[in-house]
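Q: Sending over data_34.cif (mmCIF, C-alpha atoms).
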```cif
data_input
#
loop_
_atom_site.label_atom_id
_atom_site.label_comp_id
_atom_site.auth_asym_id
_atom_site.auth_seq_id
_atom_site.Cartn_x
_atom_site.Cartn_y
_atom_site.Cartn_z
CA MET A 1 3.70 -7.51 15.56
CA SER A 2 5.12 -11.00 15.00
CA THR A 3 7.86 -11.55 12.45
CA GLN A 4 5.65 -14.01 10.59
CA ARG A 5 2.88 -11.44 10.29
CA THR A 6 5.30 -8.73 9.15
CA LEU A 7 6.77 -10.99 6.47
CA ILE A 8 3.32 -11.90 5.14
CA ALA A 9 2.01 -8.33 5.32
CA ASP A 10 4.97 -6.92 3.39
CA ALA A 11 5.35 -9.80 0.90
CA ARG A 12 6.07 -8.83 -2.68
CA TYR A 13 4.17 -10.36 -5.58
CA GLU A 14 5.86 -11.75 -8.67
CA VAL A 15 3.82 -11.49 -11.88
CA VAL A 16 4.38 -12.44 -15.51
CA PRO A 17 3.67 -10.01 -18.39
CA MET A 18 0.91 -12.02 -20.07
CA LYS A 19 -2.66 -11.26 -21.14
CA ASN A 20 -4.12 -13.33 -18.31
CA LEU A 21 -2.68 -10.85 -15.81
CA GLU A 22 -5.10 -8.12 -16.91
CA ALA A 23 -8.05 -9.43 -14.89
CA GLN A 24 -5.78 -9.96 -11.90
CA LEU A 25 -4.38 -6.43 -11.64
CA PRO A 26 -7.23 -5.09 -9.45
CA HIS A 27 -6.49 -7.81 -6.88
CA ILE A 28 -2.93 -6.67 -6.19
CA PRO A 29 -3.00 -5.07 -2.71
CA ALA A 30 -2.75 -1.30 -2.73
CA GLY A 31 0.82 -0.08 -2.69
CA ALA A 32 2.29 -3.58 -2.93
CA THR A 33 5.76 -4.21 -4.24
CA VAL A 34 5.42 -6.13 -7.50
CA SER A 35 8.26 -7.99 -9.18
CA VAL A 36 7.85 -8.35 -12.97
CA THR A 37 9.50 -11.32 -14.68
CA CYS A 38 11.33 -11.23 -17.99
CA SER A 39 11.27 -14.08 -20.50
CA PRO A 40 12.98 -14.52 -23.87
CA THR A 41 9.53 -15.14 -25.35
CA LYS A 42 8.09 -11.75 -24.35
CA GLY A 43 11.33 -9.79 -24.32
CA GLN A 44 12.71 -7.10 -22.03
CA GLN A 45 10.43 -4.29 -23.21
CA ALA A 46 7.26 -6.13 -22.16
CA THR A 47 8.66 -6.29 -18.62
CA LEU A 48 9.55 -2.61 -18.56
CA ASP A 49 6.15 -1.59 -19.98
CA LEU A 50 4.29 -3.59 -17.34
CA ALA A 51 6.50 -2.18 -14.59
CA LEU A 52 5.54 1.36 -15.61
CA ARG A 53 1.87 0.46 -15.68
CA LEU A 54 2.07 -1.03 -12.19
CA GLN A 55 3.89 2.05 -11.00
CA ASP A 56 1.11 4.24 -12.42
CA LEU A 57 -1.38 2.10 -10.46
CA GLY A 58 0.42 3.04 -7.24
CA HIS A 59 2.56 -0.05 -6.76
CA VAL A 60 6.31 -0.30 -6.25
CA ALA A 61 7.35 -1.96 -9.50
CA VAL A 62 10.55 -4.04 -9.66
CA PRO A 63 11.30 -5.08 -13.24
CA HIS A 64 13.57 -8.05 -13.86
CA ILE A 65 16.43 -7.25 -16.20
CA SER A 66 17.77 -10.24 -18.12
CA ALA A 67 21.49 -9.91 -18.79
CA ARG A 68 21.32 -12.35 -21.69
CA LEU A 69 18.81 -10.14 -23.50
CA VAL A 70 21.04 -7.02 -23.39
CA GLU A 71 22.64 -6.39 -26.76
CA ASP A 72 25.65 -4.24 -25.86
CA ALA A 73 27.06 -1.54 -23.59
CA ALA A 74 24.87 1.10 -25.23
CA ALA A 75 21.80 -0.92 -24.27
CA VAL A 76 23.05 -1.02 -20.67
CA THR A 77 23.26 2.77 -20.69
CA ARG A 78 19.72 3.00 -22.05
CA LEU A 79 18.44 0.70 -19.31
CA GLY A 80 20.09 2.85 -16.66
CA ALA A 81 18.53 5.97 -18.17
CA PHE A 82 15.13 4.25 -18.31
CA CYS A 83 15.29 3.49 -14.59
CA ARG A 84 16.31 7.04 -13.74
CA ASP A 85 13.87 8.80 -16.06
CA HIS A 86 10.89 6.79 -14.81
CA GLY A 87 11.75 7.03 -11.13
CA LEU A 88 12.16 3.30 -10.55
CA LYS A 89 13.51 2.46 -7.09
CA GLU A 90 14.57 -1.16 -7.58
CA VAL A 91 15.39 -3.67 -10.28
CA PHE A 92 16.07 -7.38 -10.02
CA LEU A 93 18.88 -8.83 -12.13
CA VAL A 94 18.81 -12.32 -13.64
CA ALA A 95 20.92 -14.01 -16.28
CA GLY A 96 17.67 -15.05 -17.98
CA ASP A 97 16.52 -18.18 -19.75
CA ALA A 98 17.60 -17.29 -23.27
CA PRO A 99 19.60 -20.32 -24.54
CA GLU A 100 22.30 -17.99 -25.87
CA PRO A 101 23.05 -14.36 -24.97
CA VAL A 102 22.18 -11.81 -27.63
CA GLY A 103 25.19 -9.72 -26.61
CA PRO A 104 28.32 -9.92 -24.45
CA TYR A 105 26.57 -10.71 -21.15
CA ASP A 106 26.35 -14.40 -20.38
CA GLY A 107 25.49 -13.73 -16.74
CA VAL A 108 24.73 -11.01 -14.24
CA VAL A 109 28.22 -10.23 -12.90
CA ALA A 110 29.58 -8.64 -16.10
CA PHE A 111 26.28 -6.88 -16.74
CA LEU A 112 26.11 -5.50 -13.19
CA ASP A 113 29.68 -4.21 -13.47
CA ASP A 114 28.68 -2.11 -16.48
CA PHE A 115 25.21 -1.20 -15.20
CA LEU A 116 26.62 0.30 -12.01
CA GLU A 117 28.54 2.78 -14.17
CA THR A 118 25.30 4.21 -15.53
CA ASP A 119 23.24 7.01 -14.00
CA HIS A 120 20.50 4.60 -12.95
CA GLY A 121 19.12 6.48 -9.94
CA LEU A 122 18.05 3.28 -8.18
CA ASP A 123 17.88 2.82 -4.43
CA ARG A 124 18.49 -0.94 -4.48
CA ILE A 125 19.40 -3.72 -6.87
CA GLY A 126 18.31 -7.32 -6.31
CA VAL A 127 20.13 -10.47 -7.40
CA ALA A 128 19.09 -14.11 -7.55
CA ALA A 129 20.22 -16.80 -5.12
CA TYR A 130 19.89 -20.59 -5.30
CA PRO A 131 19.60 -22.46 -1.98
CA ASP A 132 18.58 -25.62 -3.85
CA GLY A 133 21.36 -25.28 -6.41
CA HIS A 134 21.12 -24.46 -10.11
CA ALA A 135 20.50 -27.35 -12.48
CA LEU A 136 22.69 -25.87 -15.21
CA ILE A 137 25.51 -24.23 -13.25
CA ASP A 138 28.00 -25.73 -10.83
CA THR A 139 27.37 -24.89 -7.17
CA THR A 140 30.83 -23.34 -6.74
CA VAL A 141 30.28 -21.04 -9.70
CA VAL A 142 26.87 -19.96 -8.36
CA HIS A 143 28.38 -19.27 -4.92
CA GLU A 144 31.27 -17.24 -6.33
CA ALA A 145 28.96 -15.23 -8.58
CA LEU A 146 26.69 -14.36 -5.64
CA HIS A 147 29.63 -12.98 -3.68
CA ALA A 148 30.97 -11.16 -6.74
CA LYS A 149 27.64 -9.36 -7.13
CA GLN A 150 27.74 -8.34 -3.47
CA ALA A 151 31.29 -7.01 -3.90
CA LEU A 152 30.30 -4.92 -6.94
CA LEU A 153 27.31 -3.42 -5.12
CA GLU A 154 29.42 -2.62 -2.06
CA ALA A 155 32.13 -0.98 -4.17
CA ALA A 156 29.51 1.17 -5.91
CA GLY A 157 27.79 2.08 -2.65
CA VAL A 158 24.47 0.71 -3.85
CA ALA A 159 22.21 -1.24 -1.50
CA GLY A 160 21.18 -4.73 -2.59
CA PHE A 161 19.20 -7.80 -1.67
CA ALA A 162 19.12 -11.43 -2.73
CA SER A 163 15.85 -13.15 -3.61
CA THR A 164 15.91 -16.92 -3.64
CA GLN A 165 14.44 -19.49 -5.98
CA MET A 166 11.41 -21.46 -4.81
CA CYS A 167 12.67 -23.87 -2.20
CA PHE A 168 10.47 -26.35 -0.34
CA ASP A 169 12.95 -27.95 2.03
CA LEU A 170 13.49 -26.00 5.24
CA LYS A 171 16.77 -27.69 6.13
CA THR A 172 18.18 -27.06 2.67
CA TRP A 173 17.27 -23.37 2.88
CA THR A 174 18.60 -22.78 6.39
CA THR A 175 21.80 -24.77 5.79
CA TRP A 176 22.49 -22.77 2.65
CA ALA A 177 21.75 -19.42 4.31
CA ALA A 178 23.90 -20.18 7.36
CA ALA A 179 26.80 -21.27 5.13
CA GLU A 180 26.57 -18.12 3.00
CA ARG A 181 26.49 -15.92 6.10
CA THR A 182 29.57 -17.68 7.44
CA ALA A 183 31.26 -17.11 4.08
CA GLY A 184 30.64 -13.37 4.37
CA PHE A 185 27.43 -12.85 2.43
CA LYS A 186 25.65 -9.88 4.01
CA LEU A 187 22.83 -8.84 1.67
CA PRO A 188 19.28 -9.13 3.05
CA LEU A 189 17.47 -12.27 1.92
CA HIS A 190 14.00 -12.56 0.42
CA VAL A 191 12.52 -16.05 0.71
CA GLY A 192 11.02 -17.32 -2.53
CA VAL A 193 7.78 -19.25 -1.96
CA PRO A 194 4.87 -20.02 -4.28
CA GLY A 195 1.59 -18.29 -3.63
CA VAL A 196 -1.71 -20.10 -4.10
CA ILE A 197 -1.27 -22.20 -7.21
CA ASP A 198 -4.00 -23.31 -9.59
CA ARG A 199 -2.34 -26.32 -11.18
CA THR A 200 -4.35 -26.16 -14.41
CA LYS A 201 -3.58 -22.48 -14.88
CA LEU A 202 0.09 -23.10 -14.15
CA PHE A 203 0.27 -25.79 -16.83
CA THR A 204 -1.60 -23.59 -19.34
CA MET A 205 0.69 -20.66 -18.63
CA GLY A 206 3.72 -22.86 -19.09
CA MET A 207 2.55 -23.90 -22.53
CA ARG A 208 1.76 -20.31 -23.53
CA LEU A 209 5.18 -19.17 -22.38
CA GLY A 210 6.72 -21.77 -24.67
CA ILE A 211 8.23 -23.82 -21.85
CA GLY A 212 5.80 -26.72 -21.78
CA ASN A 213 7.97 -28.91 -24.00
CA SER A 214 11.33 -27.49 -23.01
CA MET A 215 13.67 -30.05 -21.51
CA ARG A 216 15.76 -27.20 -20.20
CA PHE A 217 12.82 -25.88 -18.19
CA VAL A 218 11.92 -29.34 -16.90
CA LYS A 219 15.51 -29.93 -15.84
CA LYS A 220 15.62 -26.62 -14.00
CA ASN A 221 12.18 -26.82 -12.42
CA GLY A 222 11.13 -30.47 -12.35
CA GLY A 223 11.30 -30.75 -8.56
CA VAL A 224 9.31 -27.56 -8.10
CA LEU A 225 6.63 -28.64 -10.55
CA GLY A 226 6.38 -32.05 -8.92
CA ARG A 227 5.60 -30.51 -5.55
CA LEU A 228 3.15 -27.98 -6.97
CA PHE A 229 1.24 -30.70 -8.79
CA LYS A 230 0.95 -32.96 -5.75
CA PRO A 231 -2.61 -33.32 -4.38
CA GLY A 232 -3.31 -30.35 -2.16
CA GLY A 233 -0.53 -28.29 -3.64
CA TYR A 234 1.82 -26.45 -1.30
CA ASP A 235 1.13 -24.49 1.89
CA PRO A 236 3.46 -21.44 2.02
CA ASN A 237 3.34 -21.46 5.82
CA LYS A 238 5.30 -24.70 5.97
CA LEU A 239 8.33 -22.63 5.06
CA ILE A 240 7.31 -19.19 6.30
CA LEU A 241 6.55 -20.03 9.94
CA PRO A 242 9.84 -21.75 10.83
CA LEU A 243 11.91 -19.27 8.83
CA ALA A 244 10.21 -16.36 10.60
CA LYS A 245 11.66 -17.71 13.84
CA GLN A 246 15.16 -17.47 12.33
CA ALA A 247 14.68 -14.23 10.41
CA GLN A 248 17.05 -12.15 12.48
CA GLU A 249 19.69 -14.87 12.68
CA LEU A 250 19.69 -15.49 8.92
CA GLY A 251 19.08 -11.93 7.78
CA ILE A 252 15.68 -12.59 6.23
CA GLU A 253 14.08 -9.32 5.16
CA GLY A 254 11.03 -10.37 3.19
CA LEU A 255 8.95 -12.84 1.21
CA HIS A 256 8.83 -13.17 -2.57
CA LEU A 257 5.53 -14.75 -3.62
CA PHE A 258 5.56 -16.50 -6.99
CA THR A 259 1.93 -15.97 -8.03
CA PHE A 260 2.03 -17.41 -11.58
CA ASN A 261 -0.53 -14.62 -12.17
CA ASN A 262 -2.95 -16.27 -9.73
CA VAL A 263 -3.01 -12.97 -7.85
CA GLU A 264 -6.58 -13.03 -6.56
CA ALA A 265 -6.15 -16.32 -4.71
CA THR A 266 -2.73 -15.34 -3.37
CA ALA A 267 -4.06 -12.02 -2.08
CA ALA A 268 -6.99 -13.81 -0.45
CA TRP A 269 -4.56 -16.19 1.29
CA GLN A 270 -2.49 -13.21 2.46
CA GLN A 271 -5.51 -11.44 3.93
CA SER A 272 -6.75 -14.62 5.56
CA MET A 273 -3.39 -15.21 7.21
CA LEU A 274 -3.17 -11.61 8.44
CA ALA A 275 -6.64 -11.92 9.97
CA LYS A 276 -5.63 -15.13 11.76
CA LEU A 277 -2.41 -13.64 13.05
CA GLY A 278 -4.24 -10.58 14.40
#
```
Take the structure in the file and give it back as structure tokens.

A:
Amino acid sequence: MSTQRTLIADARYEVVPMKNLEAQLPHIPAGATVSVTCSPTKGQQATLDLALRLQDLGHVAVPHISARLVEDAAAVTRLGAFCRDHGLKEVFLVAGDAPEPVGPYDGVVAFLDDFLETDHGLDRIGVAAYPDGHALIDTTVVHEALHAKQALLEAAGVAGFASTQMCFDLKTWTTWAAAERTAGFKLPLHVGVPGVIDRTKLFTMGMRLGIGNSMRFVKKNGGVLGRLFKPGGYDPNKLILPLAKQAQELGIEGLHLFTFNNVEATAAWQQSMLAKLG
């Protein structure tokens, strides 16, 4: 089986806990790994509730935990117990988009340090990576934080992975990955690519999430939105095919499909590609 086919076959779906996801749930492939976002608008509990529902439907649910939405150390302990008690296998840690932290955790590093002390029962913990840079954080700080997360996971003996932001420039992605490998970053990488995007639905979702008029969101995601709204949208294979050829060299383990809750079309694309690849 080709690397490209394996990556597409095993791709994980990212979904958003919103009402429009309800009609899309039956279209998630059986047994798929599903990553559940967390927003300050919906709150952490909505993410955890959806993760449990997906798990009950037979999927591998990976809730995002937003460090900025965690009130205190006691809340960290409760999150660890939640993961253990409900048999979750993975979580994905993000700082989150809350303008100000509700507790002592401004970012993931401090939160992860405390979380690893809990009896979480997880097999793996994912962290975010930014090949295209972060609009609000200096590149050096982002780089150092990524390596700090790896060091904490290694010290705790917990497996990890890094899932990247949506990136549309192959050279940018490969240059970043090669540089991080040279610098000693070892965690497996998941390539973040958009699934099949309905531009009208994306815009509507953005407004309902409360980000349509947010300058902070536009600053962070303006380049991404510009490419998604171009005529014809974006073909995931433009990134997937060449990266599949360098998967072993760069330590690429999987694909992370940003569906924007357009699951049916993304699943149809996935099945179509698998049929073509044989």

Q: Counting all atoms listed in the file, which of A:Ala32, A:Ala179, A:Ser39, A:Ala73 gets nearest to Gln55 (chain A)?

A: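 Closest to Gln55 (chain A) of all the choices is A:Ala32.
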
Q: As an exercise, work out the distance from CA of His147 (chain A) to CA of Ala95 (chain A) in Å and give it to one decimal place.

A: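 Interatomic distance here is 15.4 Å.
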
Q: Can you translate the PyMOL selection byres ((chain A and resi 10) around 8) into the concrete residues it hits in this file, as a PDB file with C-alpha atoms, in the frame of the given file?

A:
```pdb
ATOM      1  CA  THR A   6       5.300  -8.730   9.150  1.00  0.00           C
ATOM      2  CA  LEU A   7       6.770 -10.990   6.470  1.00  0.00           C
ATOM      3  CA  ILE A   8       3.320 -11.900   5.140  1.00  0.00           C
ATOM      4  CA  ALA A   9       2.010  -8.330   5.320  1.00  0.00           C
ATOM      5  CA  ALA A  11       5.350  -9.800   0.900  1.00  0.00           C
ATOM      6  CA  ARG A  12       6.070  -8.830  -2.680  1.00  0.00           C
ATOM      7  CA  ALA A  32       2.290  -3.580  -2.930  1.00  0.00           C
ATOM      8  CA  GLY A 254      11.030 -10.370   3.190  1.00  0.00           C
ATOM      9  CA  LEU A 255       8.950 -12.840   1.210  1.00  0.00           C
TER      10      LEU A 255
END
```

Q: Return as a PyMOL selection string the set of residues that the PyMOL selection byres ((chain A and resi 54) around 12) yields on the displayed structure.

A: chain A and resi 13-15+17+21-22+24-26+28-36+47-53+55-63+88

Q: What does the structure give for the distance between CA of Asp85 (chain A) and CA of Leu152 (chain A), in Å to one decimal?

A: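 About the pair CA of Asp85 (chain A) and CA of Leu152 (chain A): they are 23.3 Å apart.
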
Q: Find the residue from A:Gly126, A:Leu79, A:Ala244, A:Leu93 that sits nearest to Ser66 (chain A); use all atoms listed in the file when measuring.

A: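 Of A:Gly126, A:Leu79, A:Ala244, A:Leu93, the one nearest Ser66 (chain A), counting all atoms listed in the file, is A:Leu93.
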
Q: As a check of understanding, name the residues that the PyMOL selection byres ((chain A and resi 71) around 7) selects in the supplied structure, as a list in words.

A: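 Taken on the displayed file, the PyMOL selection byres ((chain A and resi 71) around 7) yields the residues Leu69, Val70, Asp72, Ala75, Val102 and Gly103 of chain A.
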
Q: If we count only C-alpha atoms and set the cut-off at 12 Å, which residues sit around Gly96 (chain A), ignoring sequence neighbours fewer than 3 positions away in its own chain? Please answer as a PyMOL selection string.

A: chain A and resi 37-44+64-70+92-93+99-102+105-108+111+127-128+217

Q: Could you tell me how far CA of Ala110 (chain A) sits from CA of Ala162 (chain A), in Å to one decimal place?

A: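 A separation of 17.2 Å between them.
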
Q: Just write region 82-168 of chain A with C-alpha atoms, as a PDB file, in the first residue's frame, taken from the block above.

A:
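Now in decode.pdb:
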```pdb
ATOM      1  CA  PHE A  82     -12.357  12.665  33.205  1.00  0.00           C
ATOM      2  CA  CYS A  83      -9.953  11.203  30.651  1.00  0.00           C
ATOM      3  CA  ARG A  84      -9.228   8.179  32.821  1.00  0.00           C
ATOM      4  CA  ASP A  85     -12.815   7.502  33.895  1.00  0.00           C
ATOM      5  CA  HIS A  86     -14.141   7.655  30.333  1.00  0.00           C
ATOM      6  CA  GLY A  87     -11.372   5.592  28.775  1.00  0.00           C
ATOM      7  CA  LEU A  88     -10.087   8.301  26.444  1.00  0.00           C
ATOM      8  CA  LYS A  89      -6.881   7.342  24.645  1.00  0.00           C
ATOM      9  CA  GLU A  90      -5.714  10.730  23.370  1.00  0.00           C
ATOM     10  CA  VAL A  91      -6.203  14.436  23.914  1.00  0.00           C
ATOM     11  CA  PHE A  92      -4.905  17.383  21.934  1.00  0.00           C
ATOM     12  CA  LEU A  93      -3.638  20.399  23.854  1.00  0.00           C
ATOM     13  CA  VAL A  94      -3.987  23.988  22.639  1.00  0.00           C
ATOM     14  CA  ALA A  95      -3.551  27.331  24.343  1.00  0.00           C
ATOM     15  CA  GLY A  96      -6.950  28.313  22.947  1.00  0.00           C
ATOM     16  CA  ASP A  97      -8.384  31.488  21.505  1.00  0.00           C
ATOM     17  CA  ALA A  98      -9.700  33.046  24.708  1.00  0.00           C
ATOM     18  CA  PRO A  99      -8.338  36.638  24.745  1.00  0.00           C
ATOM     19  CA  GLU A 100      -7.333  36.222  28.393  1.00  0.00           C
ATOM     20  CA  PRO A 101      -6.805  33.038  30.421  1.00  0.00           C
ATOM     21  CA  VAL A 102      -9.458  32.313  33.027  1.00  0.00           C
ATOM     22  CA  GLY A 103      -6.807  30.835  35.314  1.00  0.00           C
ATOM     23  CA  PRO A 104      -3.017  30.542  35.640  1.00  0.00           C
ATOM     24  CA  TYR A 105      -2.384  28.866  32.270  1.00  0.00           C
ATOM     25  CA  ASP A 106      -1.512  31.291  29.504  1.00  0.00           C
ATOM     26  CA  GLY A 107      -0.207  28.493  27.292  1.00  0.00           C
ATOM     27  CA  VAL A 108       0.186  24.749  27.010  1.00  0.00           C
ATOM     28  CA  VAL A 109       3.617  24.238  28.600  1.00  0.00           C
ATOM     29  CA  ALA A 110       2.595  25.129  32.166  1.00  0.00           C
ATOM     30  CA  PHE A 111      -0.702  23.287  31.785  1.00  0.00           C
ATOM     31  CA  LEU A 112       0.989  20.157  30.421  1.00  0.00           C
ATOM     32  CA  ASP A 113       3.469  20.173  33.301  1.00  0.00           C
ATOM     33  CA  ASP A 114       0.581  19.975  35.779  1.00  0.00           C
ATOM     34  CA  PHE A 115      -1.601  17.683  33.659  1.00  0.00           C
ATOM     35  CA  LEU A 116       1.119  15.047  33.442  1.00  0.00           C
ATOM     36  CA  GLU A 117       1.005  14.782  37.244  1.00  0.00           C
ATOM     37  CA  THR A 118      -2.612  13.624  37.117  1.00  0.00           C
ATOM     38  CA  ASP A 119      -3.831  10.049  36.753  1.00  0.00           C
ATOM     39  CA  HIS A 120      -5.026  10.690  33.196  1.00  0.00           C
ATOM     40  CA  GLY A 121      -4.704   7.163  31.787  1.00  0.00           C
ATOM     41  CA  LEU A 122      -4.009   8.430  28.257  1.00  0.00           C
ATOM     42  CA  ASP A 123      -1.903   6.633  25.684  1.00  0.00           C
ATOM     43  CA  ARG A 124      -0.830   9.774  23.815  1.00  0.00           C
ATOM     44  CA  ILE A 125      -1.025  13.542  24.073  1.00  0.00           C
ATOM     45  CA  GLY A 126      -0.977  15.788  21.015  1.00  0.00           C
ATOM     46  CA  VAL A 127       0.364  19.330  20.781  1.00  0.00           C
ATOM     47  CA  ALA A 128       0.043  22.026  18.140  1.00  0.00           C
ATOM     48  CA  ALA A 129       2.798  23.057  15.725  1.00  0.00           C
ATOM     49  CA  TYR A 130       3.053  26.062  13.405  1.00  0.00           C
ATOM     50  CA  PRO A 131       5.048  25.589  10.174  1.00  0.00           C
ATOM     51  CA  ASP A 132       3.669  28.879   8.844  1.00  0.00           C
ATOM     52  CA  GLY A 133       4.355  30.743  12.077  1.00  0.00           C
ATOM     53  CA  HIS A 134       1.893  32.129  14.615  1.00  0.00           C
ATOM     54  CA  ALA A 135       0.504  35.591  13.957  1.00  0.00           C
ATOM     55  CA  LEU A 136       0.433  36.505  17.642  1.00  0.00           C
ATOM     56  CA  ILE A 137       3.549  34.801  19.008  1.00  0.00           C
ATOM     57  CA  ASP A 138       7.192  35.227  18.052  1.00  0.00           C
ATOM     58  CA  THR A 139       8.660  32.344  16.051  1.00  0.00           C
ATOM     59  CA  THR A 140      11.420  31.729  18.607  1.00  0.00           C
ATOM     60  CA  VAL A 141       8.890  31.453  21.418  1.00  0.00           C
ATOM     61  CA  VAL A 142       6.760  29.007  19.402  1.00  0.00           C
ATOM     62  CA  HIS A 143       9.845  26.898  18.615  1.00  0.00           C
ATOM     63  CA  GLU A 144      11.003  26.797  22.237  1.00  0.00           C
ATOM     64  CA  ALA A 145       7.526  25.915  23.484  1.00  0.00           C
ATOM     65  CA  LEU A 146       7.265  23.013  21.029  1.00  0.00           C
ATOM     66  CA  HIS A 147      10.527  21.538  22.303  1.00  0.00           C
ATOM     67  CA  ALA A 148       9.529  22.170  25.922  1.00  0.00           C
ATOM     68  CA  LYS A 149       6.347  20.151  25.389  1.00  0.00           C
ATOM     69  CA  GLN A 150       8.371  17.303  23.901  1.00  0.00           C
ATOM     70  CA  ALA A 151      10.737  17.369  26.886  1.00  0.00           C
ATOM     71  CA  LEU A 152       7.853  17.207  29.376  1.00  0.00           C
ATOM     72  CA  LEU A 153       6.259  14.259  27.551  1.00  0.00           C
ATOM     73  CA  GLU A 154       9.586  12.416  27.383  1.00  0.00           C
ATOM     74  CA  ALA A 155      10.268  12.981  31.087  1.00  0.00           C
ATOM     75  CA  ALA A 156       6.815  11.626  31.951  1.00  0.00           C
ATOM     76  CA  GLY A 157       7.171   8.643  29.630  1.00  0.00           C
ATOM     77  CA  VAL A 158       4.045   9.587  27.698  1.00  0.00           C
ATOM     78  CA  ALA A 159       3.913   9.242  23.917  1.00  0.00           C
ATOM     79  CA  GLY A 160       3.040  12.348  21.928  1.00  0.00           C
ATOM     80  CA  PHE A 161       2.487  13.767  18.474  1.00  0.00           C
ATOM     81  CA  ALA A 162       2.408  17.207  16.900  1.00  0.00           C
ATOM     82  CA  SER A 163      -0.425  18.252  14.612  1.00  0.00           C
ATOM     83  CA  THR A 164       0.222  21.255  12.425  1.00  0.00           C
ATOM     84  CA  GLN A 165      -1.886  24.235  11.474  1.00  0.00           C
ATOM     85  CA  MET A 166      -3.298  24.382   7.949  1.00  0.00           C
ATOM     86  CA  CYS A 167      -0.390  25.124   5.673  1.00  0.00           C
ATOM     87  CA  PHE A 168      -0.671  25.481   1.902  1.00  0.00           C
TER      88      PHE A 168
END
```
